[in-house]
file final-v5.txt (compact mmCIF, C-alpha atoms (C1' of nucleotides))
# COMPACT_ATOMS: atom_id res chain seq x y z
CA MET A 1 136.00 42.75 -78.83
CA PRO A 2 137.97 45.75 -79.48
CA GLU A 3 141.25 47.02 -80.68
CA GLY A 4 141.39 50.41 -82.39
CA HIS A 5 139.82 49.20 -85.62
CA THR A 6 136.58 48.36 -83.76
CA ILE A 7 136.43 51.84 -82.30
CA HIS A 8 136.89 53.60 -85.65
CA ARG A 9 134.38 51.32 -87.27
CA LEU A 10 131.83 52.01 -84.54
CA ALA A 11 132.37 55.75 -84.84
CA ARG A 12 131.69 55.54 -88.55
CA GLU A 13 128.49 53.54 -88.02
CA HIS A 14 127.22 55.64 -85.15
CA ASN A 15 127.90 58.88 -87.01
CA ALA A 16 125.91 57.52 -89.93
CA ILE A 17 122.81 56.64 -87.93
CA LEU A 18 122.92 58.89 -84.83
CA ARG A 19 124.74 62.11 -85.70
CA GLY A 20 122.61 65.25 -85.83
CA ARG A 21 119.65 63.52 -84.17
CA ALA A 22 117.99 64.13 -80.86
CA LEU A 23 118.66 60.85 -79.07
CA ARG A 24 116.64 59.05 -76.48
CA LEU A 25 119.14 57.95 -73.88
CA SER A 26 118.53 55.42 -71.13
CA SER A 27 120.40 52.96 -68.97
CA PRO A 28 118.29 49.80 -68.62
CA GLN A 29 120.90 48.32 -66.30
CA GLY A 30 120.84 51.48 -64.19
CA ARG A 31 124.52 52.21 -63.72
CA PHE A 32 124.44 55.20 -66.08
CA ALA A 33 120.85 56.14 -65.34
CA SER A 34 121.23 59.69 -63.98
CA ASP A 35 123.62 60.76 -66.72
CA ALA A 36 121.47 59.18 -69.40
CA ALA A 37 118.44 61.06 -68.03
CA ALA A 38 120.41 64.32 -67.96
CA LEU A 39 121.31 63.96 -71.65
CA ASP A 40 118.04 62.46 -72.87
CA GLY A 41 116.71 64.35 -75.89
CA ARG A 42 119.97 66.16 -76.67
CA VAL A 43 121.31 66.36 -80.22
CA LEU A 44 124.44 64.31 -80.86
CA ASP A 45 126.92 66.59 -82.66
CA ARG A 46 129.42 63.91 -83.57
CA VAL A 47 131.17 60.75 -82.49
CA ARG A 48 134.92 61.06 -82.28
CA PRO A 49 137.17 57.97 -82.19
CA TYR A 50 140.74 57.98 -80.96
CA GLY A 51 142.83 54.91 -80.17
CA LYS A 52 140.51 52.69 -78.15
CA HIS A 53 138.36 55.59 -76.94
CA LEU A 54 135.03 56.91 -78.20
CA PHE A 55 133.64 60.37 -77.45
CA TYR A 56 129.96 61.18 -78.05
CA GLU A 57 129.71 64.96 -78.13
CA TYR A 58 126.54 66.80 -77.14
CA GLY A 59 127.53 70.45 -76.99
CA ASP A 60 129.61 70.82 -73.84
CA ASP A 61 128.71 67.37 -72.60
CA VAL A 62 130.73 64.42 -73.72
CA VAL A 63 130.05 60.75 -73.15
CA HIS A 64 133.35 58.92 -72.94
CA VAL A 65 133.27 55.19 -73.69
CA HIS A 66 136.08 52.67 -73.40
CA LEU A 67 135.07 49.11 -74.19
CA GLY A 68 137.87 47.46 -72.26
CA ILE A 69 138.23 43.80 -73.04
CA TYR A 70 134.55 42.82 -72.79
CA GLY A 71 132.58 45.82 -73.91
CA LYS A 72 130.34 45.58 -76.93
CA PHE A 73 127.93 47.69 -78.96
CA GLU A 74 124.93 46.25 -80.76
CA THR A 75 122.68 48.02 -83.28
CA HIS A 76 119.03 47.13 -83.83
CA ALA A 77 116.70 48.46 -86.50
CA ALA A 78 113.29 49.56 -85.23
CA PRO A 79 111.35 48.19 -83.51
CA ALA A 80 113.84 47.93 -80.67
CA PRO A 81 113.92 44.58 -78.87
CA PRO A 82 113.80 44.58 -75.07
CA PRO A 83 117.28 45.00 -73.59
CA ARG A 84 119.20 41.72 -73.47
CA GLY A 85 121.61 41.28 -70.60
CA ALA A 86 123.11 44.24 -68.76
CA VAL A 87 122.65 47.22 -71.09
CA ARG A 88 124.59 50.12 -69.62
CA LEU A 89 123.52 52.64 -72.24
CA ARG A 90 120.82 52.65 -74.87
CA MET A 91 120.85 55.37 -77.56
CA ALA A 92 117.80 55.47 -79.77
CA THR A 93 116.29 57.29 -82.73
CA ASN A 94 113.01 56.33 -84.38
CA GLU A 95 114.93 54.13 -86.79
CA HIS A 96 117.76 52.63 -84.74
CA THR A 97 118.65 51.52 -81.26
CA VAL A 98 122.26 51.13 -80.14
CA ASP A 99 122.98 49.15 -76.96
CA LEU A 100 126.23 49.22 -74.98
CA ARG A 101 127.15 46.39 -72.64
CA GLY A 102 130.18 45.71 -70.45
CA PRO A 103 132.34 48.79 -71.02
CA THR A 104 135.22 49.60 -68.72
CA VAL A 105 134.33 53.28 -69.01
CA CYS A 106 130.99 54.96 -69.71
CA GLU A 107 131.01 58.43 -68.16
CA ARG A 108 129.77 61.94 -68.76
CA ILE A 109 132.68 64.38 -68.91
CA ARG A 110 133.50 67.96 -69.97
CA PRO A 111 135.43 68.84 -73.13
CA GLU A 112 138.49 69.68 -71.02
CA GLU A 113 138.48 66.18 -69.59
CA ARG A 114 138.19 64.72 -73.07
CA ASP A 115 141.19 66.78 -74.11
CA ALA A 116 143.12 65.49 -71.11
CA VAL A 117 142.40 61.91 -72.19
CA LEU A 118 143.54 62.69 -75.73
CA ALA A 119 146.71 64.34 -74.43
CA ARG A 120 147.74 61.10 -72.73
CA LEU A 121 147.48 59.07 -75.92
CA GLY A 122 150.16 58.47 -78.50
CA PRO A 123 149.60 58.76 -82.26
CA ASP A 124 146.82 56.57 -83.67
CA PRO A 125 147.73 54.77 -86.92
CA LEU A 126 144.09 55.13 -87.99
CA ASP A 127 144.19 58.90 -87.61
CA PRO A 128 145.08 60.49 -90.97
CA LYS A 129 146.84 63.33 -89.13
CA ALA A 130 148.86 61.02 -86.89
CA ASP A 131 152.47 61.97 -86.25
CA ARG A 132 154.47 58.77 -86.60
CA GLU A 133 157.62 60.54 -85.41
CA ARG A 134 156.15 60.63 -81.91
CA PHE A 135 156.02 56.85 -82.00
CA ALA A 136 159.59 56.71 -83.30
CA ARG A 137 160.73 58.94 -80.45
CA SER A 138 158.97 56.74 -77.87
CA CYS A 139 160.80 53.73 -79.24
CA ALA A 140 164.18 55.48 -79.34
CA ARG A 141 163.76 56.61 -75.74
CA ARG A 142 162.90 53.27 -74.20
CA ALA A 143 164.80 50.08 -73.42
CA THR A 144 161.48 48.31 -72.71
CA PRO A 145 160.69 45.33 -74.97
CA ILE A 146 159.01 46.47 -78.18
CA GLY A 147 156.19 44.00 -77.44
CA THR A 148 155.43 45.96 -74.28
CA VAL A 149 155.77 49.38 -75.91
CA LEU A 150 153.19 48.44 -78.56
CA LEU A 151 150.56 47.96 -75.84
CA ASP A 152 151.42 51.27 -74.19
CA GLN A 153 148.67 53.61 -75.37
CA SER A 154 150.84 56.66 -74.72
CA ALA A 155 153.40 55.35 -77.22
CA ILE A 156 150.93 54.30 -79.93
CA ALA A 157 147.15 54.38 -79.57
CA GLY A 158 144.74 51.69 -80.64
CA VAL A 159 147.10 48.73 -80.96
CA GLY A 160 146.12 45.68 -78.92
CA ASN A 161 147.31 42.16 -78.28
CA VAL A 162 146.45 40.70 -81.68
CA TYR A 163 147.93 43.44 -83.83
CA ARG A 164 151.17 43.59 -81.84
CA ALA A 165 151.83 39.87 -82.25
CA GLU A 166 150.92 39.79 -85.91
CA ALA A 167 152.87 42.90 -86.91
CA LEU A 168 156.05 41.80 -85.14
CA TYR A 169 155.78 38.37 -86.75
CA VAL A 170 155.35 39.77 -90.26
CA LEU A 171 158.46 41.91 -89.81
CA GLY A 172 160.55 39.21 -88.10
CA ILE A 173 161.11 41.33 -84.99
CA ALA A 174 161.42 39.55 -81.64
CA PRO A 175 158.94 41.01 -79.13
CA GLN A 176 161.61 40.92 -76.43
CA ARG A 177 163.95 43.26 -78.27
CA PRO A 178 164.42 46.56 -76.47
CA ALA A 179 162.51 49.22 -78.41
CA ASN A 180 165.61 51.40 -78.69
CA THR A 181 167.50 48.71 -80.60
CA LEU A 182 165.09 48.92 -83.53
CA GLY A 183 166.49 50.76 -86.54
CA PRO A 184 164.56 53.65 -88.12
CA GLY A 185 163.61 51.38 -91.00
CA GLU A 186 162.15 48.83 -88.60
CA VAL A 187 160.17 51.43 -86.66
CA ASP A 188 158.80 52.84 -89.91
CA ALA A 189 157.88 49.40 -91.18
CA LEU A 190 156.18 48.63 -87.87
CA TRP A 191 154.01 51.74 -88.14
CA ASP A 192 153.14 51.00 -91.76
CA THR A 193 152.32 47.36 -91.05
CA LEU A 194 150.09 48.23 -88.10
CA ALA A 195 148.33 50.93 -90.10
CA ARG A 196 147.73 48.54 -92.96
CA MET A 197 146.38 45.81 -90.67
CA MET A 198 144.16 48.19 -88.73
CA ARG A 199 142.71 49.80 -91.87
CA THR A 200 141.83 46.32 -93.10
CA GLY A 201 140.21 45.71 -89.71
CA VAL A 202 138.01 48.79 -90.09
CA ARG A 203 137.00 47.81 -93.61
CA LEU A 204 136.16 44.19 -92.77
CA ASN A 205 134.93 44.91 -89.24
CA ARG A 206 137.15 42.15 -87.89
CA ILE A 207 140.83 41.55 -87.44
CA VAL A 208 142.37 40.06 -90.57
CA THR A 209 146.13 40.43 -90.58
CA THR A 210 147.05 37.94 -93.29
CA LEU A 211 147.69 39.19 -96.81
CA PRO A 212 145.30 37.91 -99.49
CA GLU A 213 148.02 35.70 -101.02
CA ASP A 214 148.43 33.95 -97.66
CA ARG A 215 144.74 33.09 -97.48
CA ASP A 216 142.56 30.48 -99.10
CA ARG A 217 141.00 32.45 -101.98
CA ARG A 218 138.12 30.07 -102.48
CA ARG A 219 136.39 31.29 -99.36
CA GLY A 220 134.33 34.45 -99.48
CA ARG A 221 135.62 35.61 -96.16
CA PRO A 222 138.73 34.44 -94.39
CA SER A 223 138.29 31.42 -92.16
CA ASP A 224 139.42 31.73 -88.57
CA ALA A 225 142.52 29.71 -89.35
CA ASP A 226 143.35 32.11 -92.19
CA ARG A 227 142.75 35.39 -90.41
CA HIS A 228 145.94 35.45 -88.34
CA TYR A 229 149.48 34.26 -88.86
CA LEU A 230 150.08 33.05 -85.33
CA TRP A 231 147.95 34.76 -82.66
CA ARG A 232 146.61 32.03 -80.38
CA ARG A 233 147.80 29.42 -82.85
CA THR A 234 150.20 27.51 -80.65
CA ASP A 235 148.52 24.38 -82.02
CA LEU A 236 150.07 25.09 -85.43
CA PRO A 237 153.69 25.28 -86.54
CA CYS A 238 155.10 28.55 -87.89
CA ARG A 239 153.83 29.04 -91.44
CA ARG A 240 157.28 30.02 -92.65
CA CYS A 241 159.69 27.68 -90.92
CA GLY A 242 157.60 24.97 -89.24
CA GLU A 243 158.95 25.69 -85.76
CA PRO A 244 156.39 25.50 -82.92
CA ILE A 245 154.88 28.89 -82.10
CA ARG A 246 155.84 30.03 -78.65
CA THR A 247 153.81 31.98 -76.13
CA GLU A 248 154.73 33.90 -73.00
CA VAL A 249 153.23 36.68 -70.95
CA LEU A 250 154.71 40.02 -72.02
CA GLY A 251 153.27 43.33 -70.91
CA ALA A 252 150.60 41.47 -68.88
CA ARG A 253 149.19 39.74 -71.98
CA HIS A 254 149.96 36.58 -73.92
CA MET A 255 152.50 37.26 -76.63
CA TYR A 256 152.91 34.83 -79.52
CA TRP A 257 156.04 34.59 -81.63
CA CYS A 258 158.28 32.30 -83.67
CA PRO A 259 161.73 31.98 -82.09
CA VAL A 260 163.31 31.20 -85.48
CA CYS A 261 161.69 33.88 -87.67
CA GLN A 262 161.89 36.49 -84.90
CA PRO A 263 165.38 35.96 -83.50
CA ALA A 264 166.50 37.87 -80.44
C1' DG B 1 126.40 23.61 -65.11
C1' DC B 2 130.49 25.83 -64.05
C1' DA B 3 135.34 27.41 -64.71
C1' DA B 4 138.34 29.81 -67.56
C1' DA B 5 139.52 32.93 -70.98
C1' DA B 6 138.92 36.98 -73.87
C1' DT B 7 141.04 41.95 -79.13
C1' DG B 8 142.05 46.20 -71.77
C1' DT B 9 143.50 49.23 -68.11
C1' DC B 10 144.43 50.87 -63.54
C1' DA B 11 145.47 50.94 -58.65
C1' DA B 12 147.37 48.73 -54.74
C1' DG B 13 151.26 46.61 -52.63
C1' DT C 1 153.79 42.14 -60.22
C1' DT C 2 149.08 41.06 -58.89
C1' DG C 3 144.29 41.58 -58.45
C1' DA C 4 140.11 43.90 -59.52
C1' DC C 5 136.58 45.14 -62.66
C1' DC C 6 133.18 44.93 -66.61
C1' DT C 7 130.19 40.68 -69.47
C1' DT C 8 129.86 37.00 -72.73
C1' DT C 9 131.50 32.90 -74.88
C1' DT C 10 133.88 28.58 -74.97
C1' DG C 11 135.29 24.23 -73.31
C1' DC C 12 134.97 20.61 -70.38
C1' DA C 13 132.35 17.58 -67.26

call {"tool": "encode", "arguments": {"input": "final-v5.txt", "output": "C-alpha cells"}}
result
Amino acid sequence: MPEGHTIHRLAREHNAILRGRALRLSSPQGRFASDAAALDGRVLDRVRPYGKHLFYEYGDDVVHVHLGIYGKFETHAAPAPPPRGAVRLRMATNEHTVDLRGPTVCERIRPEERDAVLARLGPDPLDPKADRERFARSCARRATPIGTVLLDQSAIAGVGNVYRAEALYVLGIAPQRPANTLGPGEVDALWDTLARMMRTGVRLNRIVTTLPEDRDRRRGRPSDADRHYLWRRTDLPCRRCGEPIRTEVLGARHMYWCPVCQPA
DNA sequence: GCAAAATGTCAAG
DNA sequence: TTGACCTTTTGCA
C-alpha cells in the first residue's frame, strides 16, 4: 500500500525489467481489456513516477496508474502463474510478468493529459529537481492545518497519512497548527524530514521512519513496533514523554500525535 | 464467515 | 462533510 516511496520504487523495478521491451498487455479482469489490446506488443519507452502517480509511456500513448489506497503490483518470474484475484492489467515479457490489482486509476491517456496531471501536483520530495520553495509558498499562503496541507497533493506530492504523522511528530509540530504559522526553519525541516523518510522508504521498500538509534539493532530488519514512532500506535505511550498518543480525523484521515511533544 | 479497516481521491450535497 | 469506489487483510465470532 502506497505512499510516494512505493511509486518510485515500482518505477525503478519496472524500468529495470520492462523498459525497452515489447510488452504483452492484457486485462484478465476485463476492465482495461480494450486499451490493453490496443497497446499489446508496443515497446515501453520508460516508466515515470511522480508523487503517487505512475506513467507508462509507449510513444504517444501513456498508461496512467494511481494505486489509491488498495492498489498493488506484483512481479512474477517466468513462468507466469494464472492471474490471482482481479488482475486489471498484466504486463509481460518472456522473463517477467507484472500484475496490477485494485488501482483507483488505470487509464490510457495522451501526453498532454499526463502533463495536465503533473501540472496539478506540488513538488515531490523524491524528485531530485523538486522546488521546495513551492511547498514553502503553499504553507505561507494557507491557514489550513499543516496536517491537512501535507495530504494535499497540490502542495506536496507523494506524502500520505503515515509520513505526515511521523514527520510532524519528529519535529514536535502540532498537526492542527495553521500552515502559515510555521517558521521558515520549520517548513525547511519538514521538507528535509519527509525527504529523508521517503528515501529510506524507497531503499527498504517499506515505510521505516524511525532513525537507526531508535530501533532495536539486534534485528536484521525493523520490527513492526520499531518501524514507526506513533502511527497507529495508540496502544503505546509516547516514546519521549510517556503521554498517551492521541488520534483524531484530520483531512479525512486518522492523524496521530502527542499532545505534549507537539503542543498547539 | 463476515465486518471493518487500510499507506487515497473525488464528486455530490 | 459524506459517501462512493477499487481489493485484500485482519480481527472477531

call {"tool": "interface_residues", "arguments": {"input": "final-v5.txt", "of": "chain C", "to": "chain A", "cutoff": "9 Å", "atoms": "all atoms listed in the file", "output": "number ranges by chain"}}
result
C: 5-8

call {"tool": "interface_residues", "arguments": {"input": "final-v5.txt", "of": "chain B", "to": "chain A", "cutoff": "12 Å", "atoms": "all atoms listed in the file", "output": "number ranges by chain"}}
result
B: 5-10

call {"tool": "atom_distance", "arguments": {"input": "final-v5.txt", "atom1": "CA of Arg239 in chain A", "atom2": "CA of Arg164 in chain A"}}
result
17.6 Å

call {"tool": "atom_distance", "arguments": {"input": "final-v5.txt", "atom1": "CA of Asp40 in chain A", "atom2": "CA of Ala22 in chain A"}}
result
8.2 Å

call {"tool": "atom_distance", "arguments": {"input": "final-v5.txt", "atom1": "CA of Thr247 in chain A", "atom2": "CA of Gly51 in chain A"}}
result
25.7 Å

call {"tool": "closest_residue", "arguments": {"input": "final-v5.txt", "among": "A:Glu107, A:Asp235, A:Asp99, A:Asp152", "to": "Gly122 in chain A", "atoms": "all atoms listed in the file"}}
result
A:Asp152

call {"tool": "residues_around", "arguments": {"input": "final-v5.txt", "residues": "DG13 in chain B", "least_positions_apart": "2", "cutoff": "10 Å", "atoms": "all atoms listed in the file", "output": "compact mmCIF listing (two decimals) with C-alpha atoms (C1' of nucleotides), in the frame of the given file"}}
result
# COMPACT_ATOMS: atom_id res chain seq x y z
C1' DA B 11 145.47 50.94 -58.65
C1' DT C 1 153.79 42.14 -60.22
C1' DT C 2 149.08 41.06 -58.89

call {"tool": "build_atoms", "arguments": {"input": "final-v5.txt", "residues": "range 143-160 of chain A", "atoms": "N, CA and C atoms", "output": "PDB file, in the frame of the given file"}}
result
ATOM      1  N   ALA A 143     164.136  51.381 -73.358  1.00  0.00           N
ATOM      2  CA  ALA A 143     164.800  50.080 -73.420  1.00  0.00           C
ATOM      3  C   ALA A 143     163.813  48.950 -73.128  1.00  0.00           C
ATOM      4  N   THR A 144     162.547  49.289 -72.940  1.00  0.00           N
ATOM      5  CA  THR A 144     161.480  48.310 -72.710  1.00  0.00           C
ATOM      6  C   THR A 144     161.313  47.444 -73.966  1.00  0.00           C
ATOM      7  N   PRO A 145     160.934  46.172 -73.790  1.00  0.00           N
ATOM      8  CA  PRO A 145     160.690  45.330 -74.970  1.00  0.00           C
ATOM      9  C   PRO A 145     159.674  45.966 -75.908  1.00  0.00           C
ATOM     10  N   ILE A 146     159.915  45.858 -77.201  1.00  0.00           N
ATOM     11  CA  ILE A 146     159.010  46.470 -78.180  1.00  0.00           C
ATOM     12  C   ILE A 146     157.603  45.890 -78.039  1.00  0.00           C
ATOM     13  N   GLY A 147     157.506  44.615 -77.627  1.00  0.00           N
ATOM     14  CA  GLY A 147     156.190  44.000 -77.440  1.00  0.00           C
ATOM     15  C   GLY A 147     155.399  44.682 -76.331  1.00  0.00           C
ATOM     16  N   THR A 148     156.089  45.223 -75.359  1.00  0.00           N
ATOM     17  CA  THR A 148     155.430  45.960 -74.280  1.00  0.00           C
ATOM     18  C   THR A 148     155.084  47.377 -74.730  1.00  0.00           C
ATOM     19  N   VAL A 149     155.997  48.003 -75.449  1.00  0.00           N
ATOM     20  CA  VAL A 149     155.770  49.380 -75.910  1.00  0.00           C
ATOM     21  C   VAL A 149     154.535  49.441 -76.824  1.00  0.00           C
ATOM     22  N   LEU A 150     154.327  48.404 -77.627  1.00  0.00           N
ATOM     23  CA  LEU A 150     153.190  48.440 -78.560  1.00  0.00           C
ATOM     24  C   LEU A 150     151.843  48.423 -77.839  1.00  0.00           C
ATOM     25  N   LEU A 151     151.821  47.939 -76.595  1.00  0.00           N
ATOM     26  CA  LEU A 151     150.560  47.960 -75.840  1.00  0.00           C
ATOM     27  C   LEU A 151     150.411  49.225 -75.002  1.00  0.00           C
ATOM     28  N   ASP A 152     151.453  50.036 -74.973  1.00  0.00           N
ATOM     29  CA  ASP A 152     151.420  51.270 -74.190  1.00  0.00           C
ATOM     30  C   ASP A 152     150.709  52.344 -75.008  1.00  0.00           C
ATOM     31  N   GLN A 153     149.509  52.702 -74.576  1.00  0.00           N
ATOM     32  CA  GLN A 153     148.670  53.610 -75.370  1.00  0.00           C
ATOM     33  C   GLN A 153     149.246  55.021 -75.450  1.00  0.00           C
ATOM     34  N   SER A 154     150.218  55.345 -74.601  1.00  0.00           N
ATOM     35  CA  SER A 154     150.840  56.660 -74.720  1.00  0.00           C
ATOM     36  C   SER A 154     151.972  56.647 -75.748  1.00  0.00           C
ATOM     37  N   ALA A 155     152.375  55.462 -76.174  1.00  0.00           N
ATOM     38  CA  ALA A 155     153.400  55.350 -77.220  1.00  0.00           C
ATOM     39  C   ALA A 155     152.743  55.266 -78.598  1.00  0.00           C
ATOM     40  N   ILE A 156     151.688  54.454 -78.685  1.00  0.00           N
ATOM     41  CA  ILE A 156     150.930  54.300 -79.930  1.00  0.00           C
ATOM     42  C   ILE A 156     149.519  53.881 -79.536  1.00  0.00           C
ATOM     43  N   ALA A 157     148.524  54.573 -80.055  1.00  0.00           N
ATOM     44  CA  ALA A 157     147.150  54.380 -79.570  1.00  0.00           C
ATOM     45  C   ALA A 157     146.349  53.473 -80.488  1.00  0.00           C
ATOM     46  N   GLY A 158     145.665  52.521 -79.874  1.00  0.00           N
ATOM     47  CA  GLY A 158     144.740  51.690 -80.640  1.00  0.00           C
ATOM     48  C   GLY A 158     145.244  50.282 -80.900  1.00  0.00           C
ATOM     49  N   VAL A 159     146.550  50.063 -80.735  1.00  0.00           N
ATOM     50  CA  VAL A 159     147.100  48.730 -80.960  1.00  0.00           C
ATOM     51  C   VAL A 159     146.784  47.854 -79.747  1.00  0.00           C
ATOM     52  N   GLY A 160     146.392  46.621 -79.991  1.00  0.00           N
ATOM     53  CA  GLY A 160     146.120  45.680 -78.920  1.00  0.00           C
ATOM     54  C   GLY A 160     146.912  44.400 -79.106  1.00  0.00           C
TER      55      GLY A 160
END
